[in-house]
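S.K.: This is model12.csv (CSV, C-alpha atoms).
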```
chain,number,residue,atom,x,y,z
F,1499,MET,CA,-22.4,19.5,-2.9
F,1500,LEU,CA,-23.0,16.3,-4.8
F,1501,THR,CA,-20.6,17.0,-7.7
F,1502,THR,CA,-17.8,17.7,-5.2
F,1503,SER,CA,-18.3,14.4,-3.5
F,1504,ILE,CA,-18.3,12.5,-6.8
F,1505,GLU,CA,-15.2,14.3,-8.0
F,1506,SER,CA,-13.4,13.5,-4.7
F,1507,MET,CA,-14.4,9.8,-5.0
F,1508,LEU,CA,-13.1,9.6,-8.6
F,1509,PHE,CA,-9.9,11.4,-7.8
F,1510,ALA,CA,-9.2,9.1,-4.9
F,1511,SER,CA,-9.9,5.9,-6.9
F,1512,ALA,CA,-7.2,4.3,-8.9
F,1513,LYS,CA,-9.6,2.5,-11.2
F,1514,PRO,CA,-13.0,3.1,-12.8
F,1515,THR,CA,-15.7,3.5,-10.2
F,1516,PRO,CA,-19.1,1.8,-10.7
F,1517,LEU,CA,-22.0,4.2,-10.8
F,1518,SER,CA,-23.8,1.8,-8.5
F,1519,LEU,CA,-21.2,2.3,-5.8
F,1520,ILE,CA,-21.3,6.1,-6.2
F,1521,LYS,CA,-25.2,5.9,-6.0
F,1522,LYS,CA,-25.1,3.7,-2.9
F,1523,THR,CA,-22.4,5.7,-1.1
F,1524,LEU,CA,-24.1,9.0,-1.7
F,1525,ASP,CA,-27.6,7.7,-1.4
F,1526,VAL,CA,-29.0,9.4,-4.5
F,1527,SER,CA,-31.4,8.4,-7.3
F,1528,ASP,CA,-30.3,7.5,-10.8
F,1529,GLU,CA,-31.7,10.7,-12.1
F,1530,VAL,CA,-29.9,12.9,-9.6
F,1531,LEU,CA,-26.6,11.0,-10.2
F,1532,GLN,CA,-26.9,11.4,-14.0
F,1533,GLU,CA,-27.5,15.1,-13.6
F,1534,ALA,CA,-24.4,15.5,-11.5
F,1535,VAL,CA,-22.3,13.4,-13.9
F,1536,ALA,CA,-23.5,15.5,-16.8
F,1537,ASP,CA,-22.5,18.7,-14.9
F,1538,ILE,CA,-19.0,17.3,-14.2
F,1539,ARG,CA,-18.6,16.2,-17.8
F,1540,THR,CA,-19.7,19.7,-19.0
F,1541,ARG,CA,-17.1,21.4,-16.7
F,1542,PHE,CA,-14.2,19.0,-17.3
F,1543,ASN,CA,-14.5,17.6,-20.9
F,1544,THR,CA,-13.3,20.8,-22.6
F,1545,GLU,CA,-10.1,21.7,-24.6
F,1546,GLU,CA,-9.0,23.9,-21.7
F,1547,SER,CA,-9.2,21.2,-19.0
F,1548,GLY,CA,-6.4,18.8,-18.4
F,1549,ILE,CA,-8.8,16.3,-16.9
F,1550,HIS,CA,-11.7,14.6,-18.6
F,1551,LEU,CA,-14.5,12.4,-17.3
F,1552,VAL,CA,-14.9,9.0,-19.0
F,1553,GLU,CA,-18.0,6.8,-18.6
F,1554,HIS,CA,-17.8,3.3,-19.8
F,1555,ASP,CA,-19.6,0.1,-18.9
F,1556,ARG,CA,-21.5,2.0,-16.1
F,1557,LYS,CA,-18.2,3.1,-14.5
F,1558,LEU,CA,-16.7,6.5,-14.2
F,1559,GLN,CA,-13.0,7.6,-14.2
F,1560,PHE,CA,-11.0,10.8,-14.4
F,1561,VAL,CA,-8.5,10.6,-17.2
F,1562,SER,CA,-6.1,13.1,-18.8
F,1563,ASN,CA,-7.1,15.2,-21.7
F,1564,PRO,CA,-6.5,13.1,-24.9
F,1565,ASN,CA,-5.0,16.2,-26.6
F,1566,GLN,CA,-2.2,16.2,-24.0
F,1567,SER,CA,-1.0,12.7,-24.9
F,1568,GLU,CA,2.4,13.8,-26.1
F,1569,VAL,CA,3.1,16.0,-23.1
F,1570,LEU,CA,1.8,13.2,-20.8
F,1571,SER,CA,3.9,10.6,-22.6
F,1572,ASN,CA,7.1,12.6,-22.1
F,1573,PHE,CA,6.2,13.2,-18.4
F,1574,LEU,CA,5.5,9.5,-17.7
F,1575,LYS,CA,8.7,8.4,-19.4
F,1576,GLN,CA,10.6,10.7,-17.0
F,1577,GLU,CA,8.5,9.6,-14.0
F,1578,VAL,CA,9.1,5.9,-14.5
F,1579,SER,CA,12.7,6.2,-15.4
F,1580,GLY,CA,13.8,8.3,-12.4
F,1581,GLU,CA,14.9,7.1,-9.0
F,1582,LEU,CA,12.3,5.7,-6.6
F,1583,THR,CA,11.1,8.0,-3.9
F,1584,ARG,CA,11.3,7.1,-0.2
F,1585,PRO,CA,7.5,6.4,-0.1
F,1586,GLN,CA,7.8,4.2,-3.2
F,1587,LEU,CA,10.7,2.3,-1.7
F,1588,GLU,CA,8.7,1.8,1.5
F,1589,THR,CA,5.7,0.5,-0.3
F,1590,LEU,CA,7.8,-1.7,-2.5
F,1591,THR,CA,9.5,-3.2,0.6
F,1592,ILE,CA,6.1,-3.9,2.2
F,1593,ILE,CA,4.9,-5.6,-1.0
F,1594,ALA,CA,8.2,-7.6,-1.2
F,1595,TYR,CA,8.1,-8.8,2.4
F,1596,ARG,CA,4.4,-9.2,3.0
F,1597,GLY,CA,3.0,-10.0,-0.5
F,1598,PRO,CA,0.6,-11.0,-1.8
F,1599,ILE,CA,-1.0,-8.0,0.0
F,1600,THR,CA,-4.0,-5.8,-0.7
F,1601,LYS,CA,-3.9,-2.0,-1.0
F,1602,PRO,CA,-5.9,-1.6,2.3
F,1603,GLU,CA,-3.4,-3.8,4.0
F,1604,ILE,CA,-0.5,-1.7,2.6
F,1605,GLU,CA,-2.2,1.5,3.7
F,1606,GLN,CA,-2.8,0.0,7.2
F,1607,ILE,CA,0.9,-0.6,7.6
F,1608,ARG,CA,2.0,2.8,6.0
F,1609,GLY,CA,-0.8,4.8,7.5
F,1610,ILE,CA,-1.5,6.7,4.3
F,1611,ASN,CA,-3.2,6.3,0.9
F,1612,CYS,CA,-1.0,4.4,-1.5
F,1613,SER,CA,-3.0,4.5,-4.8
F,1614,ILE,CA,-0.6,6.7,-6.7
F,1615,ILE,CA,2.5,5.0,-5.4
F,1616,ILE,CA,1.1,1.6,-6.4
F,1617,ARG,CA,0.1,2.9,-9.8
F,1618,ASN,CA,3.7,4.1,-10.3
F,1619,LEU,CA,5.2,0.8,-9.2
F,1620,LEU,CA,2.8,-1.0,-11.6
F,1621,MET,CA,3.9,1.3,-14.4
F,1622,ARG,CA,7.5,0.6,-13.7
F,1623,ALA,CA,6.7,-3.1,-13.8
F,1624,LEU,CA,8.2,-3.6,-10.3
F,1625,VAL,CA,5.0,-5.0,-8.9
F,1626,GLU,CA,2.2,-7.1,-10.3
F,1627,GLU,CA,-1.5,-7.0,-9.6
F,1628,ARG,CA,-3.8,-10.0,-9.6
F,1629,GLU,CA,-7.3,-10.8,-8.3
F,1630,ASP,CA,-7.4,-12.8,-5.1
F,1631,GLN,CA,-10.6,-14.8,-4.9
F,1632,ALA,CA,-10.4,-15.3,-1.1
F,1633,LYS,CA,-9.9,-11.6,-0.4
F,1634,LEU,CA,-12.2,-10.5,-3.2
F,1635,GLN,CA,-9.9,-7.7,-4.3
F,1636,PRO,CA,-6.6,-7.2,-6.0
F,1637,VAL,CA,-3.4,-8.2,-4.3
F,1638,TYR,CA,0.1,-7.0,-5.1
F,1639,THR,CA,3.4,-9.0,-5.4
F,1640,ILE,CA,6.8,-8.1,-6.6
F,1641,SER,CA,7.4,-8.8,-10.3
F,1642,THR,CA,9.9,-11.2,-11.8
F,1643,ARG,CA,11.5,-8.2,-13.4
F,1644,LEU,CA,12.3,-6.8,-9.9
F,1645,LEU,CA,13.7,-10.2,-8.8
F,1646,ARG,CA,15.9,-10.3,-11.8
F,1647,HIS,CA,17.0,-6.7,-11.2
F,1648,LEU,CA,17.9,-7.6,-7.6
F,1649,GLY,CA,19.8,-10.7,-8.8
F,1650,LEU,CA,17.5,-13.0,-6.8
F,1651,THR,CA,16.0,-16.3,-7.9
F,1652,ASP,CA,13.4,-16.4,-5.1
F,1653,ILE,CA,11.8,-13.8,-2.9
F,1654,SER,CA,12.9,-15.6,0.2
F,1655,GLN,CA,16.5,-14.6,-0.6
F,1656,LEU,CA,15.8,-11.0,0.6
F,1657,PRO,CA,17.6,-10.2,3.8
F,1658,ASP,CA,15.7,-11.3,6.9
F,1659,TYR,CA,12.8,-12.3,4.7
F,1660,GLN,CA,11.3,-14.9,6.9
F,1661,THR,CA,11.5,-12.7,10.0
F,1662,LEU,CA,9.7,-9.8,8.4
F,1663,HIS,CA,7.3,-11.9,6.4
F,1664,ASP,CA,6.1,-13.6,9.5
F,1665,ASN,CA,6.3,-10.6,11.9
F,1666,GLU,CA,3.6,-11.0,14.5
F,1667,LYS,CA,2.9,-7.3,15.0
F,1668,ILE,CA,2.3,-6.7,11.3
F,1669,THR,CA,0.2,-9.8,11.0
F,1670,ALA,CA,-2.0,-8.7,13.9
F,1671,MET,CA,-2.4,-5.2,12.3
F,1672,ILE,CA,-3.5,-6.8,9.0
F,1673,GLN,CA,-5.9,-9.2,10.8
F,1674,GLU,CA,-7.3,-6.3,12.7
F,1675,LEU,CA,-8.1,-4.6,9.4
F,1676,ALA,CA,-9.7,-7.8,8.0
F,1677,ALA,CA,-11.9,-8.1,11.1
F,1678,LYS,CA,-12.9,-4.5,10.9
F,1679,ASN,CA,-13.8,-4.9,7.2
F,1680,ALA,CA,-15.8,-8.0,7.9
F,1681,GLU,CA,-17.9,-6.1,10.4
F,1682,GLU,CA,-18.8,-3.5,7.8
```
Please, can you express the file's structure as structure tokens?
M.R.:
Amino acid sequence: MLTTSIESMLFASAKPTPLSLIKKTLDVSDEVLQEAVADIRTRFNTEESGIHLVEHDRKLQFVSNPNQSEVLSNFLKQEVSGELTRPQLETLTIIAYRGPITKPEIEQIRGINCSIIIRNLLMRALVEEREDQAKLQPVYTISTRLLRHLGLTDISQLPDYQTLHDNEKITAMIQELAAKNAEE
């Protein structure tokens, strides 16, 4: 079902998804896509739904119901002030030792989707995102705030930094991913 595919894509995406990408991926016409989007909007954009569909600048994104802002604000305060989970620590370590690094490269190393983990690390201001013109996608690095928290003045002061930053097996894994993406 088309709406199910669109919902899955939007749920998996950490950012607004261009309609053109959805259209191309699902190989549908503008009319069919707009019908499906209208159906999703009708089902989700209600007072009873915690999820709403936002369309802006020809991009779609699932967002939380605006009427739940107070509950969500309290939840997010607790989420970003608590201890880091093991997956968050693993992802943060990869970013610290291998950054600047793309999300697909992080996922290649970890073997799982890291969208929510990266979002949480960004919300905590432990990592920073910036566009990389060479890779044509965002890359992640640790933040100055994290360096200060760790009492470091430079990332290279992390234990075994050079050994892990230049690890040949990890470099080969990332290069394999880059070659695979170049073929597509």
S.K.: Which is closer to Thr1669 in chain F than all the others in F:Asn1618, F:Ser1571, F:Ser1562, F:Gln1606, using all atoms listed in the file?
M.R.: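 The answer is F:Gln1606, which sits nearest to Thr1669 in chain F.
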S.K.: Between CA of Ser1613 in chain F and CA of Asp1664 in chain F, what is the spacing in Å?
M.R.: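 Between these atoms lies a distance of 24.8 Å.
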S.K.: Which residue is closest to Leu1662 in chain F? Choose from F:Thr1540, F:Gln1586, F:Thr1591, F:Ser1547 and count only C-alpha atoms.
M.R.: F:Thr1591
S.K.: Applying 9 Å and all atoms listed in the file, which residues near Ser1511 in chain F remain after dropping the ones on its own chain fewer than 4 positions away? List them as a list of chain:residue names.
M.R.: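 Counting all atoms listed in the file, the residues come to F:Ser1506, F:Met1507, F:Thr1515, F:Gln1559, F:Ser1613.
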S.K.: Rank nothing, just name the residue among F:Leu1500, F:Phe1509, F:Asp1555, F:Asn1611 nearest to Val1530 in chain F, using all atoms listed in the file.
M.R.: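 Using all atoms listed in the file, the shortest distance to Val1530 in chain F belongs to F:Leu1500.
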S.K.: Kindly indicate which residue among F:Gln1631, F:Gln1673, F:Asn1565, F:Gln1660 lies nearest to Glu1603 in chain F, using only C-alpha atoms for the distances.
M.R.: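 For Glu1603 in chain F, the nearest of the candidates is F:Gln1673.
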S.K.: Mind completing range 1527-1559 of chain F with N, CA and C atoms? Output as a compact mmCIF listing (two decimals), in the coordinates of the input, please?
M.R.:
```
# COMPACT_ATOMS: atom_id res chain seq x y z
N SER F 1527 -30.65 9.11 -6.21
CA SER F 1527 -31.40 8.40 -7.30
C SER F 1527 -30.54 8.40 -8.56
N ASP F 1528 -30.93 7.53 -9.50
CA ASP F 1528 -30.30 7.50 -10.80
C ASP F 1528 -30.32 8.82 -11.50
N GLU F 1529 -31.49 9.47 -11.44
CA GLU F 1529 -31.70 10.70 -12.10
C GLU F 1529 -30.76 11.82 -11.56
N VAL F 1530 -30.70 11.91 -10.24
CA VAL F 1530 -29.90 12.90 -9.60
C VAL F 1530 -28.38 12.64 -9.90
N LEU F 1531 -28.00 11.38 -9.86
CA LEU F 1531 -26.60 11.00 -10.20
C LEU F 1531 -26.27 11.36 -11.62
N GLN F 1532 -27.14 11.04 -12.55
CA GLN F 1532 -26.90 11.40 -14.00
C GLN F 1532 -26.78 12.86 -14.20
N GLU F 1533 -27.59 13.65 -13.49
CA GLU F 1533 -27.50 15.10 -13.60
C GLU F 1533 -26.14 15.60 -13.14
N ALA F 1534 -25.68 15.07 -12.01
CA ALA F 1534 -24.40 15.50 -11.50
C ALA F 1534 -23.25 15.06 -12.39
N VAL F 1535 -23.33 13.86 -12.95
CA VAL F 1535 -22.30 13.40 -13.90
C VAL F 1535 -22.28 14.26 -15.13
N ALA F 1536 -23.45 14.63 -15.61
CA ALA F 1536 -23.50 15.50 -16.80
C ALA F 1536 -22.88 16.87 -16.48
N ASP F 1537 -23.11 17.38 -15.28
CA ASP F 1537 -22.50 18.70 -14.90
C ASP F 1537 -20.98 18.54 -14.83
N ILE F 1538 -20.47 17.46 -14.26
CA ILE F 1538 -19.00 17.30 -14.20
C ILE F 1538 -18.45 17.15 -15.60
N ARG F 1539 -19.11 16.38 -16.45
CA ARG F 1539 -18.60 16.20 -17.80
C ARG F 1539 -18.59 17.56 -18.55
N THR F 1540 -19.61 18.38 -18.36
CA THR F 1540 -19.70 19.70 -19.00
C THR F 1540 -18.51 20.59 -18.54
N ARG F 1541 -18.20 20.53 -17.26
CA ARG F 1541 -17.10 21.40 -16.70
C ARG F 1541 -15.73 20.88 -17.08
N PHE F 1542 -15.54 19.56 -17.15
CA PHE F 1542 -14.20 19.00 -17.30
C PHE F 1542 -13.86 18.66 -18.79
N ASN F 1543 -14.81 18.14 -19.54
CA ASN F 1543 -14.50 17.60 -20.90
C ASN F 1543 -14.46 18.78 -21.90
N THR F 1544 -13.47 19.67 -21.72
CA THR F 1544 -13.30 20.80 -22.60
C THR F 1544 -11.80 20.82 -23.05
N GLU F 1545 -11.50 21.56 -24.10
CA GLU F 1545 -10.10 21.70 -24.60
C GLU F 1545 -9.22 22.32 -23.50
N GLU F 1546 -9.78 23.19 -22.66
CA GLU F 1546 -9.00 23.90 -21.70
C GLU F 1546 -8.71 23.12 -20.42
N SER F 1547 -9.36 22.00 -20.24
CA SER F 1547 -9.20 21.20 -19.00
C SER F 1547 -8.19 20.07 -19.25
N GLY F 1548 -7.32 19.87 -18.29
CA GLY F 1548 -6.40 18.80 -18.40
C GLY F 1548 -6.98 17.45 -17.94
N ILE F 1549 -8.17 17.52 -17.35
CA ILE F 1549 -8.80 16.30 -16.90
C ILE F 1549 -10.16 16.15 -17.61
N HIS F 1550 -10.45 14.91 -17.99
CA HIS F 1550 -11.70 14.60 -18.60
C HIS F 1550 -12.39 13.46 -17.84
N LEU F 1551 -13.70 13.41 -17.92
CA LEU F 1551 -14.50 12.40 -17.30
C LEU F 1551 -14.86 11.34 -18.35
N VAL F 1552 -14.54 10.08 -18.11
CA VAL F 1552 -14.90 9.00 -19.00
C VAL F 1552 -15.93 8.12 -18.34
N GLU F 1553 -16.98 7.78 -19.08
CA GLU F 1553 -18.00 6.80 -18.60
C GLU F 1553 -18.00 5.67 -19.56
N HIS F 1554 -17.78 4.48 -19.03
CA HIS F 1554 -17.80 3.30 -19.80
C HIS F 1554 -18.26 2.10 -19.00
N ASP F 1555 -19.17 1.34 -19.55
CA ASP F 1555 -19.60 0.10 -18.90
C ASP F 1555 -20.18 0.43 -17.48
N ARG F 1556 -20.93 1.56 -17.37
CA ARG F 1556 -21.50 2.00 -16.10
C ARG F 1556 -20.49 2.27 -15.02
N LYS F 1557 -19.30 2.71 -15.45
CA LYS F 1557 -18.20 3.10 -14.50
C LYS F 1557 -17.70 4.44 -14.95
N LEU F 1558 -17.22 5.22 -13.96
CA LEU F 1558 -16.70 6.50 -14.20
C LEU F 1558 -15.19 6.56 -13.82
N GLN F 1559 -14.42 7.38 -14.55
CA GLN F 1559 -13.00 7.60 -14.20
C GLN F 1559 -12.55 8.90 -14.73
```
